[in-house]
Amino acid sequence: MSLVLIIVIGWLYVTVLVAANEPTVISGIISFLFYGALPCGLLLYFAGSRVRRERRRFKEMMAEKNRQDTGT
């Protein structure tokens, strides 16, 4: 996951520079959103899916253990 964060930071830096070079503010915002924020958000979402899945399994396992400990 740390490699993904380095890639995201680098890509956002590049897209901020590209957006700053656009002729108007609106086109700069649009280029940052569609070339920077949206792809990085998708990348982080897909990279974190394994972590979310493992967290969910751990919570279910702990809930099952608590149910067995209480005897219900």
# chains A, B, ... in the order shown; residues from 1 in each chain; ligands from 1
call {"tool": "residues_around", "arguments": {"residues": "stretch 26-32 of chain A", "least_positions_apart": "2", "cutoff": "12 Å", "atoms": "only C-alpha atoms", "output": "ChimeraX atom specification"}}
result
/A:11-24,34-40
call {"tool": "select_by_dssp", "arguments": {"residues": "chain A", "states": "alpha helix (DSSP H)", "output": "JSON, numbers by chain"}}
result
{"A": [2, 3, 4, 5, 6, 7, 8, 9, 10, 11, 12, 13, 14, 15, 16, 17, 18, 19, 20, 25, 26, 27, 28, 29, 30, 31, 32, 38, 39, 40, 41, 42, 43, 44, 45, 46, 47, 49, 50, 51, 52, 53, 54, 55, 56, 57, 58, 59, 60, 61, 62, 63, 64, 65, 66, 67, 68, 69, 70]}
call {"tool": "closest_residue", "arguments": {"among": "A:Leu42, A:Ala47, A:Gly71, A:Glu64", "to": "A:Ser2", "atoms": "only C-alpha atoms"}}
result
A:Ala47
call {"tool": "decode", "arguments": {"residues": "chain A", "atoms": "C-alpha atoms", "output": "JSON list (two decimals), in the first residue's frame"}}
result
[["chain", "number", "residue", "atom", "x", "y", "z"],
["A", 1, "MET", "CA", 0.00, 0.00, 0.00],
["A", 2, "SER", "CA", 2.90, 2.38, 0.66],
["A", 3, "LEU", "CA", 4.04, 2.07, -2.97],
["A", 4, "VAL", "CA", 0.54, 3.03, -4.11],
["A", 5, "LEU", "CA", 0.65, 6.13, -1.89],
["A", 6, "ILE", "CA", 3.99, 7.20, -3.41],
["A", 7, "ILE", "CA", 2.55, 6.78, -6.90],
["A", 8, "VAL", "CA", -0.59, 8.74, -5.96],
["A", 9, "ILE", "CA", 1.42, 11.62, -4.48],
["A", 10, "GLY", "CA", 3.62, 11.79, -7.59],
["A", 11, "TRP", "CA", 0.65, 11.65, -9.94],
["A", 12, "LEU", "CA", -1.22, 14.36, -8.04],
["A", 13, "TYR", "CA", 1.89, 16.56, -8.18],
["A", 14, "VAL", "CA", 2.05, 16.14, -11.95],
["A", 15, "THR", "CA", -1.65, 16.84, -12.40],
["A", 16, "VAL", "CA", -1.46, 19.97, -10.23],
["A", 17, "LEU", "CA", 1.31, 21.25, -12.48],
["A", 18, "VAL", "CA", -0.72, 20.41, -15.60],
["A", 19, "ALA", "CA", -3.80, 22.10, -14.12],
["A", 20, "ALA", "CA", -1.78, 25.19, -13.26],
["A", 21, "ASN", "CA", -0.66, 25.41, -16.88],
["A", 22, "GLU", "CA", -4.22, 25.43, -18.27],
["A", 23, "PRO", "CA", -5.40, 28.71, -19.82],
["A", 24, "THR", "CA", -8.49, 29.13, -17.60],
["A", 25, "VAL", "CA", -9.30, 28.25, -14.01],
["A", 26, "ILE", "CA", -12.29, 26.13, -15.03],
["A", 27, "SER", "CA", -10.24, 24.00, -17.42],
["A", 28, "GLY", "CA", -7.56, 23.67, -14.73],
["A", 29, "ILE", "CA", -10.12, 22.40, -12.21],
["A", 30, "ILE", "CA", -11.63, 20.00, -14.73],
["A", 31, "SER", "CA", -8.26, 18.64, -15.79],
["A", 32, "PHE", "CA", -7.23, 18.16, -12.15],
["A", 33, "LEU", "CA", -10.47, 16.35, -11.32],
["A", 34, "PHE", "CA", -10.51, 14.06, -14.36],
["A", 35, "TYR", "CA", -6.75, 13.46, -14.70],
["A", 36, "GLY", "CA", -5.84, 13.55, -11.02],
["A", 37, "ALA", "CA", -8.47, 13.13, -8.35],
["A", 38, "LEU", "CA", -10.73, 10.57, -10.05],
["A", 39, "PRO", "CA", -7.99, 8.13, -11.15],
["A", 40, "CYS", "CA", -6.21, 8.42, -7.80],
["A", 41, "GLY", "CA", -9.42, 7.82, -5.91],
["A", 42, "LEU", "CA", -10.11, 4.69, -7.95],
["A", 43, "LEU", "CA", -6.54, 3.49, -7.45],
["A", 44, "LEU", "CA", -6.75, 3.95, -3.69],
["A", 45, "TYR", "CA", -10.17, 2.29, -3.56],
["A", 46, "PHE", "CA", -8.98, -0.80, -5.44],
["A", 47, "ALA", "CA", -5.70, -0.98, -3.54],
["A", 48, "GLY", "CA", -7.53, -0.85, -0.22],
["A", 49, "SER", "CA", -10.09, -3.53, -1.04],
["A", 50, "ARG", "CA", -7.92, -6.32, 0.37],
["A", 51, "VAL", "CA", -7.44, -4.43, 3.63],
["A", 52, "ARG", "CA", -11.19, -3.80, 3.94],
["A", 53, "ARG", "CA", -11.92, -7.47, 3.27],
["A", 54, "GLU", "CA", -9.43, -8.61, 5.93],
["A", 55, "ARG", "CA", -10.86, -6.11, 8.43],
["A", 56, "ARG", "CA", -14.38, -7.37, 7.82],
["A", 57, "ARG", "CA", -13.24, -10.99, 8.30],
["A", 58, "PHE", "CA", -11.46, -10.07, 11.53],
["A", 59, "LYS", "CA", -14.54, -8.29, 12.90],
["A", 60, "GLU", "CA", -16.74, -11.27, 12.03],
["A", 61, "MET", "CA", -14.25, -13.63, 13.66],
["A", 62, "MET", "CA", -14.17, -11.52, 16.84],
["A", 63, "ALA", "CA", -17.97, -11.34, 16.93],
["A", 64, "GLU", "CA", -18.19, -15.12, 16.57],
["A", 65, "LYS", "CA", -15.61, -15.56, 19.34],
["A", 66, "ASN", "CA", -17.58, -13.22, 21.63],
["A", 67, "ARG", "CA", -20.77, -15.19, 20.92],
["A", 68, "GLN", "CA", -19.00, -18.45, 21.80],
["A", 69, "ASP", "CA", -17.51, -16.93, 25.00],
["A", 70, "THR", "CA", -20.89, -15.73, 26.23],
["A", 71, "GLY", "CA", -22.51, -19.07, 25.43],
["A", 72, "THR", "CA", -25.36, -17.85, 23.25]]
